[in-house]
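Remarks on the structure that follows.
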Amino acid sequence: MVKRILPIAGLAAVVALAVVATAVARPNAVRSADAASSCKKGVSIGMLAPITGPAASIGGDQLHWAQFYVSQWNKVRGHVKLKLVQQDTQLDPSKASTTSQALASNKSIMGVIGPAGSDEVQAVAPILRKAGLAFASGSATRVSLTNGAYKGYFFRDVPNDSVQGPTAANYMFAKLGVKSGSSVMVVDDQESYSTGLADIVGQFLAGKGVKVDRESISQKDTDFSSLVAKVTSATKVVYLPFQLSSQAQLFTQQLKAQGKSAVTFGSDGTFDQSKFNVSGSYISFFAPDVTTIPADAAVVKAFHRQFPGATSPFGAPNYVLAQMYANAVTKACKDNKITRAEVRKDFAKVSLPKTILGTPIRFTAKGDLAGAKFHVFKIVNGKYQTVQ
Amino acid sequence: MDGGRDINPIPARPDEEQIPKVGVDSWVASHEGRVQRSRFLREFDRVPRPAFYAGFAVLAAILPALTSDEYIIRVGFDTLLYMLLALGLNIVVGYAGLLDLGYVAFYGFGAYGYAMLASPKFGLHWDTLAVIPVVMICSALLGFLVALPSRRLVGDYLAIVTLFFGQLFVTVYQNGNRISFLGITKGYDVTGGPNGIPNVDNWDLGGFKIGSVKGYYYAALIVFVLALACIYLIDTSRTGRAWKSLREDPLAAEMMGMPVNRLKLIAFAVGAAIAGLAGTLFAALNTAVFSADFDVPTLIIVYSMLILGGAGSIGGVILGALVVNVSLEVLRTPGHATWIFYVVLAATLLAKLRPWRVLAVVGAGTIGLGYAFHAIMSSAWPRSTRGTSTVGGWLGNGLDGWNLHPTNPMMIGNIAFVILVLAVLALTTLRGWSRWLAMIPTLYLAAFVWDNRLVVEPSITRLILIGVILIVLMNARPQGLLGTSRVEIV
Amino acid sequence: MNWNLFVTELVAGITHGSVYALIALGYSMVYGILKLLNFAHGDVYMVGAFIGYGLITVFGGAEALSINIVLLLVLMFVCAMLGGGLLGVMIERFAYRRLRAAPRIAPLITALGVSFFLENAAQLVLGAQFQSYNSFGWKGGELWTKGFTLPAQVHVGIAQVIVVVGAVVLMVFLTVFVQRTQTGKAMRATSFDREAAAMMGIDVDRVIVVTFFIGSALAGAAGVFNGIAYQQVWPYMGFQAGLFAFIAAVIGGIGNLPGAVLGGLTIGLAESFAIGYLSSTFQAAIVFAILIVVLIVRPSGLLGRAAVQKV
């Protein structure tokens with residue numbers, strides 16, 4: 001036994017020694033994270049998005065819109081050249097935290113777009129704040145993210161759930177015949193974006209005496225017929241705060257196939273005219289659809305030339321974020337030097353009177369979108385029409 | 001499983017065909033070749049195993065002294081965590097030979113356990129020295145419970161029941177924010193549901209708080225070394241030998257009077273306890289836990305590490321985790337990935353192409369073809385060269401005159417990618433000179449696809465390459481990098 | 001008792017179960033012969049689904065089909081089955097063949113590698129977006145509006161009928177093939193004892209190739225069926241489907257073909273009744289719990305033979 005213990009003990013001793021030795025030998029100052037760098041060679045912006053994995057359809061689109069803006073920007077002579085450094089999070093908070101560490105350690109990164117999910121924002125926030133980086137999400141809508149803990153670091157150019165939920169619920173009361181005693185089905189997709197909104201709407205309706213049937217699907221599901229069977233004739237509205245617009249489409253189609261009379265009501269996650277377009281459905285969004293704004297036609301066309309295929313509502317806000325970073329970087333680069341702190345301060349102050357989202361974009365002191373308001377759309381003949 | 005030459009359907013590799021084989025069993029036939037190793041290798045074999053582990057631990061301990069880059073230390077932490085996980089899985093799969101597909105559930109159980117006992121969620125802030133034993137014992141008990149009904153199950157049925165258990169775990173934690181008892185009571189929030197449990201405390205070892213990535217790196221290293229020492233002792237003990245006999249032949253083991261059922265239960269429990277321990281580290285560094293981290297993808301990564309390194313070998317666990325996790329991280333940066341791509345390609349050619357004149361022909365042919373093709377295309381169809389290499393640096397500039405860079409490479413790049421895959425597959429079926437000649441355009445095509453399509457999508461490319469690495473390495477060494485080859489007994 | 005709900009759940013369960021059963025069949029066939037858990041099988045299913053989608057696009061897209069629906073369906077099945085089958089044969093030839101004598105877990109990891117490769121190569125080439133068959137829009141939606149009505153006012157669309165009937169036809173075809181033809185007998189012999197079969201003069205290599213071709217062709221067909229009934233195709237769809245097919249195959253008794261069908265139907269029905277009568281949130285957990293109980297009561301699956309260990 002002693003013979004066997006000996007090498008182990010030796011090993012442990014060696015390790016202990018090594019640990020102590022390195023701990024003692026390492027007081028040399030760590031270089032400040034916020035050293036100024038030159039603007040000559042261009043400025044890097046990090047991008048955290050779920051580029052692969054189950055949420056790749058969202059992440060790929062976010063990445064492409066940001067890449068698209070950067071490539072347009074770089075075409076113009078005299079602009080400070082931007083470089084987008086992509087990091088894949090797979091919509092997984094722990095992977096997001098490793099990858100955000102990679103961005104934080106990369107001295108040339110001056111700001112970050114993303115991450116996409118609210119959980120991911122929570123996971124990366126301590127790391128990015130420590131590194132002095134601004135980070136701005138185009139899709140994280142959980143209310144508590146802007147409660148002040150990361151003020152000056154975290155921003156978002158999408159309104160949070162506290163605006164959208166009540167707008168949707170009020171509209172159901174005012175126009176869709178929901179009243180005390182009638183019933184509404186609320187379906188979440190088991191992701192935090194969806195459960196957050198579903199909770200808000202569900203509680204709001206239940207508080208007014210509506211019978212709320214709370215159900216869930218998973219983002220991997222494509223068969224909702226079993227769930228649709230539970231929609232009764234008393235069900236007036238089915239609320240679908242999904243992240244994937246195609247799932248809302250499918251749910252509505254299966255609802256129609258079974259001959260149910262309830263109307264579906266989608267959230268901003270499902271806002272995509274090419275994917276969710278069953279006539280008679282409703283949807284709430286904070287801006288008009290990019291693909292339907294006449295002024296944006298050229299932009300959308302150029303985007304599709306570079307990235308063929310469809311686009312989702314989570315994409316365009318990232319274009320705007322890249323645009324805001326371009327503004328902030330230009331301002332910070334006046335003296336040909338740039339630091340993360342400069343970018344952070346300038347980014348917070350950027351105000352765009354006109355954006356491709358159709359609304360002016362600037363941030364509140366807490367980092368939320370200023371003047372956020374939700375519109376309700378009705379789908380008529382496959383097209384979105386503003387009704388409120 | 002091995003039959004005669006005409007029965008056994010394994011096609012021989014070309015370089016194997018020349019070796020005369022005695023007997024029908026290829027393993028026996030090639031036994032001599034294995035015995036006659038070089039002097040260096042024989043001396044190498046005589047070094048006691050713990051010396052290697054100690055060497056690894058020392059190298060790992062000085063890593064933070066070499067860099068102040070927190071990202072590298074973070075990757076080191078992740079790798080150590082994976083090693084710890086693979087070490088636990090090694091007991092169940094490598095020693096006892098039980099295919100446990102619910103393993104990451106114990107990892108998640110440990111992480112959630114730590115998060116519940118040390119976070120504002122339930123207002124509990126236990127000392128880590130108290131949490132760890134509790135979590136480990138509970139994980140072991142859970143492992144015991146899962147294994148209990150599984151005793152009757154053989155082979156893949158055990159795998160599936162454990163897989164169910166893993167999925168059950170994820171579903172419950174994913175939706176654990178409104179658990180009601182049989183639908184009677186109101187929903188209670190136990191796990192935070194999809195929002196997880198945030199703001200988890202740091203490790204607090206009796207007042208000694210760990211707050212930095214580097215601190216966690218050392219914590220993980222110490223935990224790993226301790227676990228390794230324990231497992232090494234178990235491995236060389238009576239129980240370890242009993243597990244291995246169970247793996248080789250459960251029936252024979254039972255005949256020899258070994259308590260097969262008890263051995264299985266112990267293997268499950270020990271593996272689960274280690275996974276739970278890894279979970280506490282994970283939860284503390286991430287400061288939050290979410291159910292998504294304990295799903296099948298994580299399981300796949302840990303299994304790949306274990307099998308790639310060689311199941312049943314502690315050194316293999318270390319090597320496997322290093323290879324998989326480090327290559328996953330290195331490939332993240334397109335600049336690094338490009339260098340690795342070209343260097344690995346060139347090194348493989350240098351090492352594999354014999355005789356030298358073949359290498360000379362292939363090399364010169366590829367370079368010549370590139371310049372010739374570039375010259376023709378730039379005059380015939382200028383748009384095909386007008387784009388720029390995304391790589392940059394002198395490597396990128398050097399490649400620019402050789403490789404084509406069309407202005408909008410997406411479509412053509414996709415087509416070229418599919419052709420490349422087919423061409424590489426076709427290459428493996430060719431023999432002799434036709435193979436070397438076909439290799440020239442294939443190499444050029446590979447460089448074209450890499451520069452124009454794969455570098456642009458580093459996140460996707462990374463996973464494609466991991467897939468390729470798994471396929472190639474498993475085909476090259478089915479027993480794993482450090483595993484010992486053994487004959488499967490039918 | 002709400003009969004409408006009951007019958008609807010029954011129809012939904014059988015439809016979804018048929019798709020699971022088709023994928024599980026291929027899984028089970030390959031397992032029966034090679035004892036290999038082919039995790040790449042789900043990705044063959046994904047490729048089959050994309051082949052069908054490609055054909056819809058070629059013929060003008062869902063809303064403006066320039067071709068007769070019946071012709072389109074036939075074309076989709078032929079192409080998806082051929083494409084899936086060829087892909088399966090290629091995977092076997094290039095990834096698994098050299099590992100036949102290796103420890104069993106080595107081809108398992110290789111299969112995971114193949115799965116990684118196919119999923120991400122598909123994302124690289126085809127994009128990550130969800131694509132839709134949109135069979136609701138074909139020629140004004142006649143696939144869904146036409147059909148017949150079951151008792152309790154449950155409407156069944158032609159699309160669902162196609163899926164169930166198509167799956168049954170393929171299964172009957174497969175049973176006849178395996179039971180009556182020379183190759184089928186060779187397959188059964190090989191799965192019973194590969195070495196003995198080889199000694200009896202059966203060309204094991206050929207049998208394995210045929211098995212991979214048929215199994216993967218069924219997965220390709222399942223991809224098209226899934227598209228018709230549930231619309232969506234995307235690069236990662238194979239992962240979940242492969243997992244469920246594996247489960248279905250094991251529940252029925254892995255290596256046993258009728259068992260795979262029974263397993264697929266069991267999972268489909270368990271899912272839809274769990275949603276309809278228990279809880280949609282814990283649907284997956286309920287299904288898994290049921291299955292654990294099934295396996296503990298019958299450790300070798302519903303139709304599996306009790307495993308006799310050879311000495």
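Letters for chains follow the order of the structure tokens (A, B, ...), residue numbers begin at 1 for each chain, and ligand numbers begin at 1 in the order shown.
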
**Message:** Distance limit 6 Å, atoms considered: only C-alpha atoms. Which chain B residues sit that close to chain C? Return them as a count of residues only.
**Reply:** 13

**Message:** At a cut-off of 8 Å, using only C-alpha atoms, what residues contact Gly165 in chain A? Leave out same-chain residues fewer than 2 positions from it and give the result as an MDAnalysis selection string.
**Reply:** chainID A and resid 161:163 167:169 197:198 200:201

Go ahead and save the picked residues with N, CA and C atoms, as a compact mmCIF listing (two decimals), in the first residue's frame.
# COMPACT_ATOMS: atom_id res chain seq x y z
N ASP A 161 -40.05 43.39 -22.60
CA ASP A 161 -41.34 42.70 -22.53
C ASP A 161 -42.43 43.49 -21.80
N SER A 162 -42.03 44.40 -20.91
CA SER A 162 -43.05 45.10 -20.13
C SER A 162 -43.87 46.02 -21.00
N VAL A 163 -43.38 46.37 -22.19
CA VAL A 163 -44.16 47.22 -23.09
C VAL A 163 -45.08 46.35 -23.94
N THR A 167 -49.60 45.68 -24.19
CA THR A 167 -50.17 46.14 -25.46
C THR A 167 -50.99 45.02 -26.10
N ALA A 168 -50.39 43.83 -26.14
CA ALA A 168 -51.08 42.70 -26.77
C ALA A 168 -52.36 42.36 -26.01
N ALA A 169 -52.25 42.28 -24.67
CA ALA A 169 -53.41 41.87 -23.88
C ALA A 169 -54.54 42.89 -24.00
N LEU A 197 -42.67 36.62 -21.71
CA LEU A 197 -43.84 37.28 -22.29
C LEU A 197 -45.13 36.56 -21.94
N ALA A 198 -45.08 35.22 -22.00
CA ALA A 198 -46.28 34.44 -21.71
C ALA A 198 -46.73 34.69 -20.28
N ILE A 200 -46.23 37.44 -18.49
CA ILE A 200 -46.79 38.78 -18.36
C ILE A 200 -48.22 38.81 -18.91
N VAL A 201 -48.39 38.29 -20.11
CA VAL A 201 -49.73 38.31 -20.73
C VAL A 201 -50.70 37.44 -19.95

**Prompt:** Can you list, as a PyMOL selection string, every residue of range 176-352 of chain B that DSSP puts in alpha helix (DSSP H)?
**Reply:** chain B and resi 213-235+238-248+250-255+260-286+296-309+314-330+334-352

For chain C versus chain A, which residues have an atom no more than 9 Å away, and what is each residue's nearest atom pair and distance in Å rounded to one decimal, using only C-alpha atoms, chain-then-number order, as a tab-separated table?
residue	atom	partner	partner_atom	distance
C:Asn4	CA	A:Ala229	CA	8.1
C:Leu5	CA	A:Ala229	CA	5.7
C:Phe6	CA	A:Ala229	CA	8.7
C:Thr8	CA	A:Ala229	CA	6.3
C:Glu9	CA	A:Ser226	CA	5.4
C:Leu10	CA	A:Ser226	CA	8.7
C:Val11	CA	A:Ser226	CA	8.9
C:Ala12	CA	A:Ser226	CA	6.0
C:Gly13	CA	A:Ser226	CA	7.7
C:His16	CA	A:Asp223	CA	7.6
C:Asn120	CA	A:Thr52	CA	7.8
C:Gln123	CA	A:Thr52	CA	8.1
C:Gly127	CA	A:Gly309	CA	7.8
C:Ala128	CA	A:Ser57	CA	4.6
C:Gln129	CA	A:Ser57	CA	4.5
C:Phe130	CA	A:Ser57	CA	6.6
C:Gln131	CA	A:Ser246	CA	8.3
C:Ser132	CA	A:Ser246	CA	7.9
C:Asn134	CA	A:Leu250	CA	8.9
C:Phe136	CA	A:Gln253	CA	7.4
C:Trp144	CA	A:Ala257	CA	6.4
C:Thr145	CA	A:Ala257	CA	7.1
C:Val154	CA	A:Gln258	CA	7.5
C:His155	CA	A:Gln258	CA	6.4
C:Val156	CA	A:Gln258	CA	8.2
C:Gly157	CA	A:Ala257	CA	7.7
C:Asn226	CA	A:Thr222	CA	9.0
C:Ala229	CA	A:Asp223	CA	8.2
C:Tyr230	CA	A:Thr222	CA	5.6
C:Gln231	CA	A:Leu250	CA	7.5
C:Gln232	CA	A:Thr222	CA	6.8
C:Trp234	CA	A:Ser57	CA	8.6
C:Pro235	CA	A:Pro54	CA	8.7
C:Tyr236	CA	A:Pro54	CA	6.3
C:Met237	CA	A:Lys220	CA	7.6
C:Gln240	CA	A:Lys220	CA	7.3
C:Glu271	CA	A:Ser226	CA	8.3
C:Ser272	CA	A:Ser226	CA	5.1
C:Phe273	CA	A:Ser226	CA	7.5
C:Ala274	CA	A:Ser226	CA	8.9
C:Ile275	CA	A:Leu227	CA	6.2
C:Gly276	CA	A:Ser226	CA	6.0
C:Tyr277	CA	A:Lys230	CA	8.9
C:Ser279	CA	A:Glu215	CA	7.5
C:Ser280	CA	A:Ser216	CA	5.4
C:Thr281	CA	A:Ser216	CA	4.8
C:Phe282	CA	A:Ser216	CA	8.4
C:Gln283	CA	A:Ile217	CA	8.8

**Asked** From the set A:Thr292, A:Gln87, A:Ser118, A:Thr252, which residue has the shortest atom-to-atom contact distance to Leu103 in chain A, counting only C-alpha atoms?
**Response** A:Gln87

**Asked** Of the residues B:Met258, B:Ala105, B:Val200, B:Ile318, which is the one nearest to chain A, using only C-alpha atoms?
**Response** B:Val200

What are the closest atom pairs, with distances in Å to one decimal, for each residue of chain B lying within 7 Å of chain A, using only C-alpha atoms, rows by chain and rising residue number, as CSV?
residue,atom,partner,partner_atom,distance
B:Pro50,CA,A:Pro7,CA,6.4
B:Ala54,CA,A:Leu11,CA,5.2
B:Ala57,CA,A:Val15,CA,6.2
B:Val58,CA,A:Val15,CA,5.8
B:Ala61,CA,A:Val19,CA,5.8
B:Ile62,CA,A:Thr22,CA,6.1
B:Ala65,CA,A:Thr22,CA,6.0
B:Ser68,CA,A:Val30,CA,6.5
B:Asp69,CA,A:Ser105,CA,6.0
B:Glu70,CA,A:Ser105,CA,6.4
B:Tyr71,CA,A:Ala102,CA,5.0
B:Arg74,CA,A:Thr98,CA,6.7
B:Pro194,CA,A:Ser192,CA,5.0
B:Asn195,CA,A:Ser192,CA,5.5
B:Ala229,CA,A:Ile8,CA,6.2
B:Asn286,CA,A:Ser94,CA,6.4
B:Ala288,CA,A:Ala123,CA,6.8
B:Ala292,CA,A:Asp92,CA,6.7
B:Asp293,CA,A:Asp92,CA,6.8
B:Ser459,CA,A:Asp88,CA,5.9
B:Ile460,CA,A:Thr52,CA,6.3

For the residues in that selection, give me N, CA and C atoms as an mmCIF file, in the first residue's frame.
data_model
loop_
_atom_site.group_PDB
_atom_site.id
_atom_site.type_symbol
_atom_site.label_atom_id
_atom_site.label_comp_id
_atom_site.auth_asym_id
_atom_site.auth_seq_id
_atom_site.Cartn_x
_atom_site.Cartn_y
_atom_site.Cartn_z
ATOM 1 N N PRO B 50 2.338 7.472 -12.922
ATOM 2 C CA PRO B 50 2.148 8.698 -12.137
ATOM 3 C C PRO B 50 3.143 9.785 -12.501
ATOM 4 N N ALA B 54 2.121 13.600 -13.073
ATOM 5 C CA ALA B 54 2.763 14.688 -12.329
ATOM 6 C C ALA B 54 3.323 15.706 -13.315
ATOM 7 N N ALA B 57 0.565 17.768 -14.520
ATOM 8 C CA ALA B 57 0.077 18.705 -13.518
ATOM 9 C C ALA B 57 1.011 19.900 -13.396
ATOM 10 N N VAL B 58 2.307 19.642 -13.453
ATOM 11 C CA VAL B 58 3.264 20.746 -13.332
ATOM 12 C C VAL B 58 3.129 21.691 -14.518
ATOM 13 N N ALA B 61 0.157 23.682 -14.118
ATOM 14 C CA ALA B 61 0.243 24.670 -13.046
ATOM 15 C C ALA B 61 1.010 25.910 -13.481
ATOM 16 N N ILE B 62 1.964 25.764 -14.415
ATOM 17 C CA ILE B 62 2.716 26.964 -14.788
ATOM 18 C C ILE B 62 2.070 27.710 -15.956
ATOM 19 N N ALA B 65 1.348 31.303 -15.457
ATOM 20 C CA ALA B 65 2.527 32.156 -15.329
ATOM 21 C C ALA B 65 2.989 32.629 -16.697
ATOM 22 N N SER B 68 -1.100 36.295 -19.391
ATOM 23 C CA SER B 68 -2.038 37.029 -18.546
ATOM 24 C C SER B 68 -3.392 37.107 -19.241
ATOM 25 N N ASP B 69 -3.497 36.385 -20.349
ATOM 26 C CA ASP B 69 -4.721 36.415 -21.130
ATOM 27 C C ASP B 69 -5.793 35.563 -20.450
ATOM 28 N N GLU B 70 -6.832 36.204 -19.953
ATOM 29 C CA GLU B 70 -7.842 35.475 -19.191
ATOM 30 C C GLU B 70 -8.582 34.472 -20.062
ATOM 31 N N TYR B 71 -8.628 34.760 -21.349
ATOM 32 C CA TYR B 71 -9.314 33.822 -22.240
ATOM 33 C C TYR B 71 -8.609 32.477 -22.257
ATOM 34 N N ARG B 74 -9.233 30.713 -19.142
ATOM 35 C CA ARG B 74 -10.608 30.227 -19.145
ATOM 36 C C ARG B 74 -10.723 28.933 -19.968
ATOM 37 N N PRO B 194 -36.613 28.212 -17.608
ATOM 38 C CA PRO B 194 -35.666 28.607 -18.661
ATOM 39 C C PRO B 194 -34.773 29.770 -18.247
ATOM 40 N N ASN B 195 -35.131 30.459 -17.177
ATOM 41 C CA ASN B 195 -34.290 31.566 -16.732
ATOM 42 C C ASN B 195 -33.127 31.095 -15.860
ATOM 43 N N ALA B 229 -5.741 11.129 -8.581
ATOM 44 C CA ALA B 229 -5.021 10.277 -7.640
ATOM 45 C C ALA B 229 -5.940 9.193 -7.102
ATOM 46 N N ASN B 286 -19.404 30.041 -13.747
ATOM 47 C CA ASN B 286 -20.354 30.673 -14.661
ATOM 48 C C ASN B 286 -21.315 31.620 -13.955
ATOM 49 N N ALA B 288 -24.045 31.168 -12.952
ATOM 50 C CA ALA B 288 -25.448 30.892 -13.256
ATOM 51 C C ALA B 288 -25.544 29.489 -13.828
ATOM 52 N N ALA B 292 -29.811 23.998 -20.413
ATOM 53 C CA ALA B 292 -29.303 23.690 -21.753
ATOM 54 C C ALA B 292 -27.889 23.118 -21.721
ATOM 55 N N ASP B 293 -27.135 23.441 -20.664
ATOM 56 C CA ASP B 293 -25.752 22.985 -20.620
ATOM 57 C C ASP B 293 -25.628 21.506 -20.288
ATOM 58 N N SER B 459 -17.441 29.799 -37.654
ATOM 59 C CA SER B 459 -18.179 29.051 -36.625
ATOM 60 C C SER B 459 -18.691 27.733 -37.160
ATOM 61 N N ILE B 460 -19.122 27.735 -38.418
ATOM 62 C CA ILE B 460 -19.629 26.498 -39.008
ATOM 63 C C ILE B 460 -18.458 25.585 -39.367
#

**Item:** 8 Å contact set for Pro441 in chain B, only C-alpha atoms, chain neighbours under 3 positions out, as a VMD selection string
**Value:** chain B and resid 366 369 437 to 438 444 to 445

Could those residues be written to a file, using N, CA and C atoms, as a JSON list (two decimals), in the first residue's frame?
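Printed below is out.json as written:
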[["chain", "number", "residue", "atom", "x", "y", "z"],
["B", 366, "THR", "N", 0.75, 21.01, -57.77],
["B", 366, "THR", "CA", -0.28, 21.84, -57.15],
["B", 366, "THR", "C", 0.06, 23.31, -57.31],
["B", 369, "LEU", "N", -0.17, 24.26, -61.04],
["B", 369, "LEU", "CA", -1.57, 24.31, -61.48],
["B", 369, "LEU", "C", -2.23, 25.60, -61.02],
["B", 437, "LEU", "N", -1.97, 11.78, -59.01],
["B", 437, "LEU", "CA", -2.34, 12.78, -60.01],
["B", 437, "LEU", "C", -3.66, 13.46, -59.64],
["B", 438, "ALA", "N", -4.61, 12.64, -59.16],
["B", 438, "ALA", "CA", -5.91, 13.21, -58.78],
["B", 438, "ALA", "C", -5.77, 14.12, -57.58],
["B", 444, "TYR", "N", -5.78, 21.80, -54.82],
["B", 444, "TYR", "CA", -6.06, 23.17, -55.24],
["B", 444, "TYR", "C", -7.50, 23.55, -54.92],
["B", 445, "LEU", "N", -8.39, 22.59, -55.17],
["B", 445, "LEU", "CA", -9.80, 22.82, -54.86],
["B", 445, "LEU", "C", -9.99, 23.07, -53.37]]

**Item:** DSSP strand (DSSP E or B) selection over range 34-220 of chain B, as a list in words
**Value:**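 Across range 34-220 of chain B, those assigned strand (DSSP E or B) are Ala118, Ser119, Leu124, His125, Ile179, Tyr188, Ile197, Asp204, Leu205, Phe208 and Lys209 of chain B.
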
Write a file of the just-selected residues containing N, CA and C atoms, as a PDB file, in the first residue's frame.
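Listed below is the output, result33.pdb:
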ATOM      1  N   ALA B 118     -26.123  27.670  -2.709  1.00  0.00           N
ATOM      2  CA  ALA B 118     -25.238  28.831  -2.558  1.00  0.00           C
ATOM      3  C   ALA B 118     -25.638  29.928  -3.535  1.00  0.00           C
ATOM      4  N   SER B 119     -26.831  30.451  -3.353  1.00  0.00           N
ATOM      5  CA  SER B 119     -27.258  31.574  -4.192  1.00  0.00           C
ATOM      6  C   SER B 119     -28.452  32.242  -3.517  1.00  0.00           C
ATOM      7  N   LEU B 124     -29.957  30.632   0.570  1.00  0.00           N
ATOM      8  CA  LEU B 124     -28.954  29.810   1.242  1.00  0.00           C
ATOM      9  C   LEU B 124     -27.570  30.200   0.742  1.00  0.00           C
ATOM     10  N   HIS B 125     -26.624  30.334   1.636  1.00  0.00           N
ATOM     11  CA  HIS B 125     -25.251  30.622   1.218  1.00  0.00           C
ATOM     12  C   HIS B 125     -24.313  29.719   1.989  1.00  0.00           C
ATOM     13  N   ILE B 179     -43.532  23.779 -10.985  1.00  0.00           N
ATOM     14  CA  ILE B 179     -43.789  22.394 -10.623  1.00  0.00           C
ATOM     15  C   ILE B 179     -44.929  22.353  -9.623  1.00  0.00           C
ATOM     16  N   TYR B 188     -44.843  25.707  -8.058  1.00  0.00           N
ATOM     17  CA  TYR B 188     -43.716  26.248  -7.298  1.00  0.00           C
ATOM     18  C   TYR B 188     -42.520  26.431  -8.214  1.00  0.00           C
ATOM     19  N   ILE B 197     -30.840  29.618 -12.675  1.00  0.00           N
ATOM     20  CA  ILE B 197     -30.576  30.220 -11.366  1.00  0.00           C
ATOM     21  C   ILE B 197     -29.380  31.157 -11.524  1.00  0.00           C
ATOM     22  N   ASP B 204     -16.326  29.344  -1.719  1.00  0.00           N
ATOM     23  CA  ASP B 204     -15.912  29.936  -0.459  1.00  0.00           C
ATOM     24  C   ASP B 204     -15.439  28.796   0.434  1.00  0.00           C
ATOM     25  N   LEU B 205     -14.099  28.592   0.423  1.00  0.00           N
ATOM     26  CA  LEU B 205     -13.557  27.452   1.157  1.00  0.00           C
ATOM     27  C   LEU B 205     -13.217  27.881   2.571  1.00  0.00           C
ATOM     28  N   PHE B 208     -11.926  31.365   2.575  1.00  0.00           N
ATOM     29  CA  PHE B 208     -11.026  31.669   1.458  1.00  0.00           C
ATOM     30  C   PHE B 208     -11.838  31.705   0.176  1.00  0.00           C
ATOM     31  N   LYS B 209     -12.099  32.919  -0.316  1.00  0.00           N
ATOM     32  CA  LYS B 209     -12.983  33.053  -1.472  1.00  0.00           C
ATOM     33  C   LYS B 209     -12.188  33.038  -2.769  1.00  0.00           C
TER      34      LYS B 209
END

Contact check, range 109-176 of chain A to range 206-212 of chain A, at most 12 Å, counting only C-alpha atoms, closest pairs as a tab-separated table:
residue	atom	partner	partner_atom	distance
A:Pro166	CA	A:Gly207	CA	11.9
A:Ala169	CA	A:Lys208	CA	10.2
A:Asn170	CA	A:Lys208	CA	10.5
A:Met172	CA	A:Val210	CA	11.0
A:Phe173	CA	A:Lys208	CA	9.6

**Asked** Of the candidates B:Asn397, B:Thr239, B:Gln167, B:Ser327, which one gets nearest to Arg462 in chain B if we count only C-alpha atoms?
**Response** B:Ser327

**Message:** For a test of reading the model, state the distance in Å between CA of Glu248 in chain B and CA of Gly315 in chain B, rounded to one decimal.
**Reply:**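 That distance, rounded to one decimal, is 20.1 Å.
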
**Message:** Need the shell around Ser351 in chain A: protein/DNA/RNA residues with any atom at most 10 Å away, counting only C-alpha atoms. Skip same-chain ones fewer than 6 positions apart. Format as a count of residues only?
**Reply:** 7

**Asked** Which residues, written as an MDAnalysis selection string, have at least one atom at most 12 Å from range 217-219 of chain C, with only C-alpha atoms counted and residues fewer than 2 positions away on the same chain left out?
**Response** chainID C and resid 18:30 40:49 77:89 166:171 173:174 210:215 221:226 238 241:242 245

**Message:** Could you check the closest approach to Asn199 in chain B for each of A:Val76, A:Ala341, A:Ile109, A:Ala125 and tell me which residue wins, using only C-alpha atoms?
**Reply:**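 Among the listed residues, the smallest separation from Asn199 in chain B belongs to A:Ala125.
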
**Request:** Determine the nearest neighbour of Asn318 in chain A from the options A:Ala302, A:Ile127, A:Leu82, A:Ile356, counting only C-alpha atoms.
**Result:**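 Ranked by minimum distance to Asn318 in chain A, first place goes to A:Ile356.
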